[in-house]
$ cat target.csv   # CSV, C-alpha atoms
chain,number,residue,atom,x,y,z
Q,1491,MET,CA,-9.1,12.0,34.3
Q,1492,ALA,CA,-6.3,14.5,33.9
Q,1493,ARG,CA,-6.6,17.0,31.1
Q,1494,PRO,CA,-4.3,16.0,28.2
Q,1495,SER,CA,-1.3,18.2,27.9
Q,1496,LEU,CA,-1.2,20.6,25.0
Q,1497,ARG,CA,1.6,18.6,23.4
Q,1498,GLU,CA,-0.6,15.4,23.7
Q,1499,LYS,CA,-3.6,17.2,22.3
Q,1500,LEU,CA,-1.6,18.5,19.4
Q,1501,ALA,CA,0.1,15.2,18.7
Q,1502,SER,CA,-2.9,12.9,18.9
Q,1503,SER,CA,-5.0,15.2,16.7
Q,1504,ALA,CA,-2.1,15.5,14.2
Q,1505,VAL,CA,-2.2,11.7,13.4
Q,1506,GLU,CA,-5.7,12.3,12.0
Q,1507,THR,CA,-5.0,15.5,10.2
Q,1508,LEU,CA,-1.8,14.1,8.6
Q,1509,HIS,CA,-3.3,10.8,7.7
Q,1510,ALA,CA,-6.4,12.4,6.1
Q,1511,ASN,CA,-4.5,15.0,4.1
Q,1512,GLY,CA,-0.9,13.8,3.7
Q,1513,PHE,CA,2.2,15.7,4.8
Q,1514,ARG,CA,2.0,18.2,1.9
Q,1515,GLY,CA,-1.8,18.4,2.0
Q,1516,CYS,CA,-2.0,20.3,5.3
Q,1517,SER,CA,-0.1,23.2,6.9
Q,1518,ILE,CA,1.1,23.6,10.5
Q,1519,GLN,CA,-1.9,26.0,10.9
Q,1520,ASP,CA,-4.3,23.3,9.6
Q,1521,ILE,CA,-2.9,20.9,12.2
Q,1522,THR,CA,-3.0,23.3,15.2
Q,1523,GLU,CA,-6.5,24.5,14.2
Q,1524,ALA,CA,-7.8,20.9,14.0
Q,1525,ALA,CA,-6.2,20.2,17.4
Q,1526,GLY,CA,-7.7,23.4,18.9
Q,1527,VAL,CA,-4.4,24.7,20.1
Q,1528,PRO,CA,-2.7,28.1,19.4
Q,1529,LYS,CA,-0.6,28.0,16.3
Q,1530,GLY,CA,2.2,29.8,18.3
Q,1531,SER,CA,2.4,26.8,20.6
Q,1532,PHE,CA,3.6,24.4,17.9
Q,1533,PHE,CA,7.3,25.2,18.1
Q,1534,ASN,CA,7.3,24.8,21.9
Q,1535,HIS,CA,6.6,21.1,21.3
Q,1536,PHE,CA,8.0,20.1,17.9
Q,1537,GLU,CA,11.1,21.2,16.1
Q,1538,ASN,CA,9.2,21.3,12.7
Q,1539,LYS,CA,6.5,19.6,10.7
Q,1540,GLU,CA,8.7,16.6,9.9
Q,1541,ASP,CA,9.3,16.1,13.6
Q,1542,LEU,CA,5.6,16.0,14.3
Q,1543,ALA,CA,5.0,13.7,11.3
Q,1544,ILE,CA,7.6,11.3,12.7
Q,1545,ASP,CA,5.7,11.4,16.0
Q,1546,SER,CA,2.5,10.7,14.1
Q,1547,VAL,CA,3.7,7.8,12.2
Q,1548,ARG,CA,5.0,6.2,15.4
Q,1549,ARG,CA,1.6,6.6,17.0
Q,1550,TYR,CA,0.0,5.2,13.8
Q,1551,LEU,CA,2.2,2.1,14.1
Q,1552,GLU,CA,1.4,1.7,17.8
Q,1553,GLY,CA,-2.3,1.5,16.7
Q,1554,ALA,CA,-1.5,-1.4,14.3
Q,1555,ARG,CA,-1.9,-4.1,17.0
Q,1556,SER,CA,1.4,-5.8,16.1
Q,1557,ASP,CA,0.7,-8.1,19.1
Q,1558,ILE,CA,-1.7,-10.0,16.8
Q,1559,LEU,CA,1.3,-11.4,14.9
Q,1560,PHE,CA,2.6,-13.0,18.1
Q,1561,GLU,CA,-0.6,-14.2,19.7
Q,1562,ALA,CA,0.0,-17.3,21.7
Q,1563,GLY,CA,-2.0,-20.4,20.8
Q,1564,VAL,CA,-2.9,-19.3,17.3
Q,1565,ALA,CA,-1.4,-21.0,14.3
Q,1566,PRO,CA,1.2,-18.8,12.5
Q,1567,LEU,CA,-0.6,-18.4,9.2
Q,1568,ASP,CA,-3.8,-17.6,11.1
Q,1569,ARG,CA,-1.9,-14.9,13.0
Q,1570,LEU,CA,-0.7,-13.5,9.7
Q,1571,ARG,CA,-4.2,-13.5,8.3
Q,1572,ASN,CA,-5.6,-11.9,11.5
Q,1573,HIS,CA,-2.9,-9.2,11.3
Q,1574,PHE,CA,-3.8,-8.2,7.7
Q,1575,THR,CA,-7.6,-8.5,8.5
Q,1576,PHE,CA,-7.1,-5.9,11.3
Q,1577,LEU,CA,-5.2,-3.6,9.0
Q,1578,ALA,CA,-8.0,-4.0,6.4
Q,1579,GLU,CA,-10.6,-3.1,8.9
Q,1580,ARG,CA,-8.7,0.1,9.7
Q,1581,LEU,CA,-8.6,1.0,6.0
Q,1582,GLU,CA,-12.3,0.3,5.6
Q,1583,GLN,CA,-13.2,2.5,8.6
Q,1584,ASN,CA,-11.8,5.4,6.5
Q,1585,GLY,CA,-13.9,4.5,3.5
Q,1586,PHE,CA,-10.6,3.4,1.8
Q,1587,GLU,CA,-9.8,7.0,1.3
Q,1588,ARG,CA,-6.6,7.3,3.3
Q,1589,GLY,CA,-4.5,4.3,2.5
Q,1590,CYS,CA,-1.5,3.5,4.8
Q,1591,MET,CA,0.2,6.4,6.5
Q,1592,MET,CA,3.6,4.7,6.2
Q,1593,GLY,CA,3.2,4.3,2.4
Q,1594,ARG,CA,1.8,7.8,2.1
Q,1595,PHE,CA,4.8,9.4,3.9
Q,1596,ALA,CA,7.2,7.2,1.9
Q,1597,THR,CA,5.7,8.5,-1.3
Q,1598,GLU,CA,5.6,12.1,-0.2
Q,1599,MET,CA,8.6,12.5,2.0
Q,1600,ALA,CA,11.3,9.9,1.5
Q,1601,GLN,CA,13.0,12.0,-1.1
Q,1602,ASP,CA,13.4,15.2,0.8
Q,1603,TYR,CA,13.2,14.2,4.4
Q,1604,PRO,CA,16.1,11.9,5.4
Q,1605,ARG,CA,15.0,11.6,9.0
Q,1606,MET,CA,11.6,10.4,8.0
Q,1607,ARG,CA,13.1,8.1,5.4
Q,1608,GLU,CA,15.3,6.4,8.2
Q,1609,GLU,CA,12.3,6.2,10.5
Q,1610,LEU,CA,10.2,4.5,7.8
Q,1611,ARG,CA,13.2,2.2,6.9
Q,1612,SER,CA,13.4,0.9,10.4
Q,1613,MET,CA,9.6,0.6,10.8
Q,1614,PHE,CA,9.3,-1.4,7.6
Q,1615,ASP,CA,12.2,-3.6,8.7
Q,1616,VAL,CA,10.6,-4.3,12.1
Q,1617,TRP,CA,7.3,-5.1,10.4
Q,1618,CYS,CA,8.9,-7.4,7.8
Q,1619,GLY,CA,10.8,-9.1,10.6
Q,1620,ALA,CA,7.6,-9.8,12.5
Q,1621,VAL,CA,6.0,-11.2,9.4
Q,1622,GLU,CA,9.1,-13.2,8.7
Q,1623,SER,CA,9.1,-14.8,12.1
Q,1624,ALA,CA,5.5,-16.0,11.6
Q,1625,LEU,CA,6.5,-17.4,8.3
Q,1626,ARG,CA,9.4,-19.2,9.8
Q,1627,GLU,CA,7.1,-20.8,12.4
Q,1628,ALA,CA,4.7,-21.8,9.6
Q,1629,GLN,CA,7.5,-23.4,7.8
Q,1630,ALA,CA,8.7,-25.2,10.9
Q,1631,ALA,CA,5.1,-26.5,11.4
Q,1632,GLY,CA,5.1,-27.7,7.8
Q,1633,ASP,CA,2.4,-25.2,6.8
Q,1634,ILE,CA,4.3,-23.7,3.9
Q,1635,ASP,CA,6.9,-25.0,1.4
Q,1636,PRO,CA,10.3,-25.5,3.2
Q,1637,ARG,CA,12.1,-24.1,0.1
Q,1638,HIS,CA,10.7,-20.6,0.5
Q,1639,ASP,CA,12.9,-17.8,1.9
Q,1640,PRO,CA,10.8,-16.5,4.7
Q,1641,GLY,CA,12.6,-13.1,4.8
Q,1642,GLN,CA,12.1,-12.5,1.1
Q,1643,LEU,CA,8.5,-13.7,1.3
Q,1644,ALA,CA,7.8,-11.4,4.2
Q,1645,ARG,CA,9.1,-8.3,2.4
Q,1646,TYR,CA,7.1,-9.3,-0.7
Q,1647,LEU,CA,3.9,-9.7,1.3
Q,1648,VAL,CA,4.4,-6.3,3.0
Q,1649,ASN,CA,5.1,-4.6,-0.3
Q,1650,ALA,CA,2.1,-6.3,-1.9
Q,1651,TRP,CA,0.0,-5.0,1.0
Q,1652,GLN,CA,1.3,-1.5,0.4
Q,1653,GLY,CA,0.5,-1.7,-3.3
Q,1654,ALA,CA,-3.1,-2.9,-2.4
Q,1655,THR,CA,-3.5,0.1,-0.1
Q,1656,ILE,CA,-2.6,2.4,-3.0
Q,1657,ARG,CA,-4.9,0.7,-5.4
Q,1658,LEU,CA,-7.9,0.9,-3.1
Q,1659,LYS,CA,-7.6,4.7,-3.1
Q,1660,ILE,CA,-8.6,4.4,-6.7
Q,1661,THR,CA,-11.1,1.6,-6.6
Q,1662,ARG,CA,-12.7,2.9,-3.3
Q,1663,ASP,CA,-13.7,-0.6,-2.4
Q,1664,ARG,CA,-12.2,-3.7,-0.8
Q,1665,SER,CA,-11.4,-5.5,-4.1
Q,1666,PRO,CA,-7.6,-4.9,-3.8
Q,1667,ILE,CA,-7.7,-6.3,-0.3
Q,1668,ASP,CA,-9.6,-9.4,-1.5
Q,1669,ASP,CA,-7.1,-9.9,-4.3
Q,1670,PHE,CA,-4.3,-9.6,-1.6
Q,1671,PHE,CA,-5.9,-12.2,0.7
Q,1672,ASN,CA,-6.8,-14.6,-2.1
Q,1673,THR,CA,-3.5,-14.6,-3.8
Q,1674,SER,CA,-1.3,-14.3,-0.7
Q,1675,PHE,CA,-3.0,-17.1,1.3
Q,1676,LYS,CA,-4.4,-19.4,-1.4
Q,1677,VAL,CA,-1.6,-19.3,-4.0
Q,1678,LEU,CA,1.6,-17.8,-2.6
Q,1679,LEU,CA,1.6,-19.4,0.9
Q,1680,LYS,CA,0.6,-22.8,-0.3
D,849,MET,CA,12.9,19.8,-37.3
D,850,ALA,CA,10.0,22.1,-36.5
D,851,ARG,CA,10.1,24.0,-33.2
D,852,PRO,CA,7.9,22.3,-30.7
D,853,SER,CA,4.8,24.2,-29.9
D,854,LEU,CA,4.6,26.0,-26.6
D,855,ARG,CA,2.0,23.5,-25.4
D,856,GLU,CA,4.3,20.6,-26.3
D,857,LYS,CA,7.2,22.3,-24.6
D,858,LEU,CA,5.2,22.8,-21.5
D,859,ALA,CA,3.6,19.3,-21.5
D,860,SER,CA,6.8,17.4,-22.1
D,861,SER,CA,8.7,19.2,-19.5
D,862,ALA,CA,5.9,18.9,-17.0
D,863,VAL,CA,6.2,15.1,-17.0
D,864,GLU,CA,9.7,15.5,-15.5
D,865,THR,CA,8.8,18.2,-13.0
D,866,LEU,CA,5.7,16.4,-11.8
D,867,HIS,CA,7.4,13.0,-11.6
D,868,ALA,CA,10.3,14.5,-9.7
D,869,ASN,CA,8.3,16.6,-7.2
D,870,GLY,CA,4.9,15.1,-7.1
D,871,PHE,CA,1.6,17.0,-7.7
D,872,ARG,CA,1.7,18.8,-4.4
D,873,GLY,CA,5.4,19.3,-4.5
D,874,CYS,CA,5.5,21.8,-7.3
D,875,SER,CA,3.5,24.8,-8.3
D,876,ILE,CA,2.3,25.9,-11.8
D,877,GLN,CA,5.1,28.5,-11.6
D,878,ASP,CA,7.7,25.8,-10.9
D,879,ILE,CA,6.3,23.8,-14.0
D,880,THR,CA,6.3,26.8,-16.4
D,881,GLU,CA,9.8,27.9,-15.1
D,882,ALA,CA,11.2,24.5,-15.7
D,883,ALA,CA,9.7,24.4,-19.2
D,884,GLY,CA,11.0,27.9,-20.0
D,885,VAL,CA,7.6,29.2,-20.9
D,886,PRO,CA,5.8,32.3,-19.6
D,887,LYS,CA,3.6,31.5,-16.5
D,888,GLY,CA,0.8,33.5,-18.1
D,889,SER,CA,0.7,31.0,-21.0
D,890,PHE,CA,-0.3,28.0,-18.8
D,891,PHE,CA,-4.1,28.6,-18.9
D,892,ASN,CA,-4.1,29.0,-22.7
D,893,HIS,CA,-3.2,25.3,-22.9
D,894,PHE,CA,-4.5,23.6,-19.8
D,895,GLU,CA,-7.6,24.1,-17.8
D,896,ASN,CA,-5.8,23.7,-14.5
D,897,LYS,CA,-3.0,21.8,-12.8
D,898,GLU,CA,-5.0,18.5,-12.6
D,899,ASP,CA,-5.6,18.7,-16.4
D,900,LEU,CA,-1.8,19.0,-17.0
D,901,ALA,CA,-1.1,16.1,-14.5
D,902,ILE,CA,-3.6,13.9,-16.5
D,903,ASP,CA,-1.7,14.8,-19.7
D,904,SER,CA,1.6,14.0,-17.9
D,905,VAL,CA,0.6,10.6,-16.6
D,906,ARG,CA,-0.7,9.6,-20.1
D,907,ARG,CA,2.7,10.5,-21.5
D,908,TYR,CA,4.4,8.6,-18.7
D,909,LEU,CA,2.4,5.5,-19.6
D,910,GLU,CA,3.1,5.9,-23.3
D,911,GLY,CA,6.8,5.7,-22.3
D,912,ALA,CA,6.2,2.4,-20.5
D,913,ARG,CA,6.7,0.3,-23.6
D,914,SER,CA,3.6,-1.8,-23.1
D,915,ASP,CA,4.3,-3.4,-26.5
D,916,ILE,CA,6.9,-5.6,-24.7
D,917,LEU,CA,4.0,-7.4,-23.1
D,918,PHE,CA,2.7,-8.4,-26.6
D,919,GLU,CA,6.0,-9.1,-28.4
D,920,ALA,CA,5.6,-11.8,-31.0
D,921,GLY,CA,7.8,-14.9,-30.7
D,922,VAL,CA,8.6,-14.4,-27.0
D,923,ALA,CA,7.2,-16.8,-24.4
D,924,PRO,CA,4.5,-15.1,-22.2
D,925,LEU,CA,6.3,-15.4,-18.9
D,926,ASP,CA,9.5,-14.0,-20.6
D,927,ARG,CA,7.4,-11.1,-21.9
D,928,LEU,CA,6.1,-10.4,-18.4
D,929,ARG,CA,9.7,-10.5,-17.0
D,930,ASN,CA,10.9,-8.2,-19.8
D,931,HIS,CA,8.1,-5.8,-19.1
D,932,PHE,CA,9.0,-5.5,-15.4
D,933,THR,CA,12.7,-5.4,-16.2
D,934,PHE,CA,12.1,-2.4,-18.5
D,935,LEU,CA,10.1,-0.6,-15.7
D,936,ALA,CA,12.9,-1.5,-13.2
D,937,GLU,CA,15.4,0.2,-15.5
D,938,ARG,CA,13.4,3.3,-15.6
D,939,LEU,CA,13.3,3.4,-11.8
D,940,GLU,CA,17.0,2.8,-11.6
D,941,GLN,CA,17.7,5.7,-14.0
D,942,ASN,CA,16.2,8.1,-11.4
D,943,GLY,CA,18.3,6.7,-8.7
D,944,PHE,CA,15.2,5.0,-7.2
D,945,GLU,CA,14.1,8.4,-6.0
D,946,ARG,CA,10.9,8.9,-7.9
D,947,GLY,CA,8.9,5.7,-7.8
D,948,CYS,CA,6.0,5.2,-10.2
D,949,MET,CA,4.1,8.3,-11.3
D,950,MET,CA,0.8,6.4,-11.3
D,951,GLY,CA,1.3,5.3,-7.7
D,952,ARG,CA,2.4,8.7,-6.7
D,953,PHE,CA,-0.6,10.4,-8.2
D,954,ALA,CA,-2.9,7.7,-6.7
D,955,THR,CA,-1.5,8.5,-3.3
D,956,GLU,CA,-1.5,12.3,-3.6
D,957,MET,CA,-4.6,12.9,-5.7
D,958,ALA,CA,-7.1,10.0,-5.7
D,959,GLN,CA,-8.9,11.5,-2.8
D,960,ASP,CA,-9.5,15.0,-4.0
D,961,TYR,CA,-9.3,14.8,-7.8
D,962,PRO,CA,-12.1,12.6,-9.2
D,963,ARG,CA,-11.0,13.1,-12.8
D,964,MET,CA,-7.5,11.9,-12.0
D,965,ARG,CA,-8.9,9.0,-10.0
D,966,GLU,CA,-11.0,7.8,-13.0
D,967,GLU,CA,-8.0,8.2,-15.3
D,968,LEU,CA,-5.8,6.1,-13.0
D,969,ARG,CA,-8.6,3.6,-12.6
D,970,SER,CA,-8.7,3.0,-16.3
D,971,MET,CA,-4.9,3.0,-16.7
D,972,PHE,CA,-4.5,0.4,-14.0
D,973,ASP,CA,-7.4,-1.7,-15.5
D,974,VAL,CA,-5.7,-1.6,-19.0
D,975,TRP,CA,-2.3,-2.5,-17.4
D,976,CYS,CA,-3.8,-5.4,-15.4
D,977,GLY,CA,-5.6,-6.6,-18.5
D,978,ALA,CA,-2.4,-6.8,-20.5
D,979,VAL,CA,-0.7,-8.7,-17.7
D,980,GLU,CA,-3.7,-11.0,-17.4
D,981,SER,CA,-3.6,-11.8,-21.1
D,982,ALA,CA,0.1,-12.8,-20.8
D,983,LEU,CA,-0.8,-15.0,-17.8
D,984,ARG,CA,-3.7,-16.6,-19.7
D,985,GLU,CA,-1.3,-17.5,-22.5
D,986,ALA,CA,1.2,-18.8,-20.0
D,987,GLN,CA,-1.5,-20.9,-18.6
D,988,ALA,CA,-2.6,-22.2,-22.0
D,989,ALA,CA,1.0,-23.1,-22.7
D,990,GLY,CA,1.2,-25.1,-19.4
D,991,ASP,CA,3.8,-22.7,-17.9
D,992,ILE,CA,1.7,-21.9,-14.8
D,993,ASP,CA,-0.8,-23.7,-12.7
D,994,PRO,CA,-4.1,-24.1,-14.5
D,995,ARG,CA,-6.0,-23.5,-11.2
D,996,HIS,CA,-4.8,-19.9,-10.9
D,997,ASP,CA,-7.2,-17.0,-11.7
D,998,PRO,CA,-5.2,-15.0,-14.2
D,999,GLY,CA,-7.2,-11.8,-13.6
D,1000,GLN,CA,-6.7,-11.9,-9.8
D,1001,LEU,CA,-3.0,-12.9,-10.2
D,1002,ALA,CA,-2.5,-10.0,-12.6
D,1003,ARG,CA,-4.0,-7.4,-10.2
D,1004,TYR,CA,-1.9,-8.9,-7.4
D,1005,LEU,CA,1.3,-8.6,-9.4
D,1006,VAL,CA,0.7,-5.0,-10.5
D,1007,ASN,CA,-0.1,-4.1,-6.9
D,1008,ALA,CA,3.0,-5.9,-5.6
D,1009,TRP,CA,5.0,-4.0,-8.1
D,1010,GLN,CA,3.5,-0.7,-6.9
D,1011,GLY,CA,4.4,-1.6,-3.4
D,1012,ALA,CA,8.0,-2.4,-4.4
D,1013,THR,CA,8.2,1.1,-6.1
D,1014,ILE,CA,7.2,2.7,-2.8
D,1015,ARG,CA,9.6,0.6,-0.8
D,1016,LEU,CA,12.6,1.5,-2.9
D,1017,LYS,CA,12.0,5.2,-2.2
D,1018,ILE,CA,13.1,4.2,1.3
D,1019,THR,CA,15.8,1.6,0.6
D,1020,ARG,CA,17.3,3.6,-2.3
D,1021,ASP,CA,18.5,0.4,-3.9
D,1022,ARG,CA,17.1,-2.3,-6.1
D,1023,SER,CA,16.4,-4.8,-3.2
D,1024,PRO,CA,12.6,-4.4,-3.4
D,1025,ILE,CA,12.8,-5.0,-7.1
D,1026,ASP,CA,14.9,-8.2,-6.5
D,1027,ASP,CA,12.3,-9.3,-4.0
D,1028,PHE,CA,9.6,-8.7,-6.5
D,1029,PHE,CA,11.3,-10.7,-9.3
D,1030,ASN,CA,12.4,-13.6,-7.1
D,1031,THR,CA,9.0,-14.1,-5.4
D,1032,SER,CA,6.8,-13.3,-8.4
D,1033,PHE,CA,8.7,-15.5,-10.9
D,1034,LYS,CA,10.2,-18.2,-8.7
D,1035,VAL,CA,7.4,-18.8,-6.2
D,1036,LEU,CA,4.1,-17.2,-7.3
D,1037,LEU,CA,4.2,-18.1,-11.0
D,1038,LYS,CA,5.3,-21.7,-10.5

$ encode --input "target.csv" --output "structure tokens"
Amino acid sequence: MARPSLREKLASSAVETLHANGFRGCSIQDITEAAGVPKGSFFNHFENKEDLAIDSVRRYLEGARSDILFEAGVAPLDRLRNHFTFLAERLEQNGFERGCMMGRFATEMAQDYPRMREELRSMFDVWCGAVESALREAQAAGDIDPRHDPGQLARYLVNAWQGATIRLKITRDRSPIDDFFNTSFKVLLK
Amino acid sequence: MARPSLREKLASSAVETLHANGFRGCSIQDITEAAGVPKGSFFNHFENKEDLAIDSVRRYLEGARSDILFEAGVAPLDRLRNHFTFLAERLEQNGFERGCMMGRFATEMAQDYPRMREELRSMFDVWCGAVESALREAQAAGDIDPRHDPGQLARYLVNAWQGATIRLKITRDRSPIDDFFNTSFKVLLK
């Protein structure tokens, strides 16, 4: 296997460091040290810390298995449930300490970093669009109330999920996830 | 009117500084400068920055008009709606830039600051308990489905609200709040 380039080594390690510590909770030096690359090499590869954080959140999203939402031969509400189950497992792997990187960067950075804000805006729009399309299919199949607005419902679900990921940083257990699943699938999507 | 004590001057100003910048986004010096008090006076009044942040989030919660949730002579679902309307107005006053201080501190601090985490845990529990009691009354009055679990529904609503406050830091408009109201009151609580 070819050795990963220095840029790749830095970028893939940064996802971990930034997710664990938040944007303001680690310095460029912390990031390069964790990656085992010289601090001086940072600016050969990234314009600044925001630039790297944008690269990180894109990688984070690539790891979110969005294909699950479009899996052929699976009923739309099951795909939706599988999607959030996958995300819940990722959160559990980190002992519920980290929450969602997108939510974290939104909280920490949206105010002062317009490029990150625009990146997150489009990521959330794409995510909500994918959830919406599963809801439309569920509606067409008669699995949810035809009077629901699938776009609005999708945004609500994604935001409720974000709220659950914040709450579990406090509870340190999966209870906010259980509340999300029970209320979303047994009450809201009935 | 008596001159506010130095502690009071520092503490009341800190709510603003910490809400605007987040815990990691401002230093003790930023906080004392904004309050117009000598930096050296900080440790006469607070043990450390976390101690002040706990004082700030308590003050923030005191300003949340939780009495609205218990207002006599108002139907329970109307009280619930008035409660979130009040919170929405507070967010709008800050141009949707700040989000909720409780959610922000949960994101930034829950991991590394156990005292803050416990403070937030109990604040969220009290908040959810108050929402739950309005939902129980609504249920007793026949305004919502008797099969709902009011405790679970309350936690879901509060988490969905938290998610909306994150999302509006990105959208910079009230659309996540509108999604929250429409879906919570027209779909979920039907």

$ interface_residues --input "target.csv" --of "chain Q" --to "chain D" --cutoff "7 Å" --atoms "only C-alpha atoms" --output "ChimeraX atom specification"
/Q:1514,1587,1593-1594,1596-1597,1600-1601,1607,1611,1642-1643,1646,1649-1650,1652-1654,1656-1657,1659-1661,1669-1670,1673,1677-1678

$ residues_around --input "target.csv" --residues "stretch 927-939 of chain D" --least-positions-apart "4" --cutoff "7 Å" --atoms "all atoms listed in the file" --output "ChimeraX atom specification"
/D:912,916-917,919,922-923,943-944,947,982

$ residues_around --input "target.csv" --residues "stretch 856-866 of chain D" --least-positions-apart "6" --cutoff "8 Å" --atoms "all atoms listed in the file" --output "PDB file with C-alpha atoms, in the frame of the given file"
ATOM      1  CA  GLY D 873       5.400  19.300  -4.500  1.00  0.00           C
ATOM      2  CA  CYS D 874       5.500  21.800  -7.300  1.00  0.00           C
ATOM      3  CA  ASP D 878       7.700  25.800 -10.900  1.00  0.00           C
ATOM      4  CA  ILE D 879       6.300  23.800 -14.000  1.00  0.00           C
ATOM      5  CA  THR D 880       6.300  26.800 -16.400  1.00  0.00           C
ATOM      6  CA  ALA D 882      11.200  24.500 -15.700  1.00  0.00           C
ATOM      7  CA  ALA D 883       9.700  24.400 -19.200  1.00  0.00           C
ATOM      8  CA  GLY D 884      11.000  27.900 -20.000  1.00  0.00           C
ATOM      9  CA  VAL D 885       7.600  29.200 -20.900  1.00  0.00           C
ATOM     10  CA  LEU D 900      -1.800  19.000 -17.000  1.00  0.00           C
ATOM     11  CA  ALA D 901      -1.100  16.100 -14.500  1.00  0.00           C
ATOM     12  CA  ASP D 903      -1.700  14.800 -19.700  1.00  0.00           C
ATOM     13  CA  SER D 904       1.600  14.000 -17.900  1.00  0.00           C
ATOM     14  CA  VAL D 905       0.600  10.600 -16.600  1.00  0.00           C
ATOM     15  CA  ARG D 907       2.700  10.500 -21.500  1.00  0.00           C
ATOM     16  CA  TYR D 908       4.400   8.600 -18.700  1.00  0.00           C
TER      17      TYR D 908
END

$ atom_distance --input "target.csv" --atom1 "atom CA of D:Ile876" --atom2 "atom CA of D:Leu909"
21.8 Å

$ atom_distance --input "target.csv" --atom1 "atom CA of D:Gln941" --atom2 "atom CA of Q:Cys1618"
26.9 Å

$ atom_distance --input "target.csv" --atom1 "atom CA of D:Gly888" --atom2 "atom CA of D:Glu910"
28.2 Å

$ axis_aligned_box --input "target.csv" --around "stretch 995-1012 of chain D" --padding-each-side "4 Å" --output "JSON"
{"center_x": 0.4, "center_y": -12.1, "center_z": -8.8, "size_x": 23.2, "size_y": 30.8, "size_z": 18.8}

$ closest_residue --input "target.csv" --among "Q:Ser1556, Q:Met1591, Q:Phe1675, Q:Arg1664" --to "Q:Val1621" --atoms "all atoms listed in the file"
Q:Ser1556

$ decode --input "target.csv" --residues "stretch 1568-1579 of chain Q" --atoms "N, CA, C and O atoms" --output "PDB file, in the first residue's frame"
ATOM      1  N   ASP Q1568     -38.247   2.130   7.080  1.00  0.00           N
ATOM      2  CA  ASP Q1568     -37.166   1.275   7.601  1.00  0.00           C
ATOM      3  C   ASP Q1568     -35.805   1.861   7.251  1.00  0.00           C
ATOM      4  O   ASP Q1568     -34.875   1.831   8.056  1.00  0.00           O
ATOM      5  N   ARG Q1569     -35.699   2.411   6.031  1.00  0.00           N
ATOM      6  CA  ARG Q1569     -34.436   3.073   5.654  1.00  0.00           C
ATOM      7  C   ARG Q1569     -34.131   4.235   6.597  1.00  0.00           C
ATOM      8  O   ARG Q1569     -32.988   4.435   7.010  1.00  0.00           O
ATOM      9  N   LEU Q1570     -35.171   4.996   6.912  1.00  0.00           N
ATOM     10  CA  LEU Q1570     -35.014   6.149   7.799  1.00  0.00           C
ATOM     11  C   LEU Q1570     -34.552   5.677   9.182  1.00  0.00           C
ATOM     12  O   LEU Q1570     -33.629   6.235   9.781  1.00  0.00           O
ATOM     13  N   ARG Q1571     -35.173   4.630   9.662  1.00  0.00           N
ATOM     14  CA  ARG Q1571     -34.813   4.083  10.971  1.00  0.00           C
ATOM     15  C   ARG Q1571     -33.380   3.537  10.933  1.00  0.00           C
ATOM     16  O   ARG Q1571     -32.593   3.784  11.846  1.00  0.00           O
ATOM     17  N   ASN Q1572     -33.026   2.846   9.850  1.00  0.00           N
ATOM     18  CA  ASN Q1572     -31.658   2.314   9.730  1.00  0.00           C
ATOM     19  C   ASN Q1572     -30.623   3.438   9.690  1.00  0.00           C
ATOM     20  O   ASN Q1572     -29.528   3.311  10.224  1.00  0.00           O
ATOM     21  N   HIS Q1573     -30.987   4.521   9.022  1.00  0.00           N
ATOM     22  CA  HIS Q1573     -30.108   5.687   8.928  1.00  0.00           C
ATOM     23  C   HIS Q1573     -29.798   6.238  10.325  1.00  0.00           C
ATOM     24  O   HIS Q1573     -28.625   6.389  10.704  1.00  0.00           O
ATOM     25  N   PHE Q1574     -30.820   6.493  11.103  1.00  0.00           N
ATOM     26  CA  PHE Q1574     -30.584   7.054  12.432  1.00  0.00           C
ATOM     27  C   PHE Q1574     -29.953   6.014  13.381  1.00  0.00           C
ATOM     28  O   PHE Q1574     -29.193   6.372  14.277  1.00  0.00           O
ATOM     29  N   THR Q1575     -30.251   4.735  13.142  1.00  0.00           N
ATOM     30  CA  THR Q1575     -29.599   3.682  13.942  1.00  0.00           C
ATOM     31  C   THR Q1575     -28.095   3.688  13.694  1.00  0.00           C
ATOM     32  O   THR Q1575     -27.292   3.588  14.636  1.00  0.00           O
ATOM     33  N   PHE Q1576     -27.703   3.844  12.428  1.00  0.00           N
ATOM     34  CA  PHE Q1576     -26.272   3.923  12.108  1.00  0.00           C
ATOM     35  C   PHE Q1576     -25.627   5.120  12.809  1.00  0.00           C
ATOM     36  O   PHE Q1576     -24.555   5.011  13.410  1.00  0.00           O
ATOM     37  N   LEU Q1577     -26.287   6.280  12.739  1.00  0.00           N
ATOM     38  CA  LEU Q1577     -25.737   7.480  13.394  1.00  0.00           C
ATOM     39  C   LEU Q1577     -25.645   7.280  14.909  1.00  0.00           C
ATOM     40  O   LEU Q1577     -24.676   7.702  15.548  1.00  0.00           O
ATOM     41  N   ALA Q1578     -26.656   6.613  15.467  1.00  0.00           N
ATOM     42  CA  ALA Q1578     -26.656   6.363  16.918  1.00  0.00           C
ATOM     43  C   ALA Q1578     -25.479   5.474  17.306  1.00  0.00           C
ATOM     44  O   ALA Q1578     -24.836   5.693  18.343  1.00  0.00           O
ATOM     45  N   GLU Q1579     -25.176   4.493  16.465  1.00  0.00           N
ATOM     46  CA  GLU Q1579     -24.044   3.603  16.765  1.00  0.00           C
ATOM     47  C   GLU Q1579     -22.718   4.370  16.755  1.00  0.00           C
ATOM     48  O   GLU Q1579     -21.841   4.127  17.579  1.00  0.00           O
TER      49      GLU Q1579
END
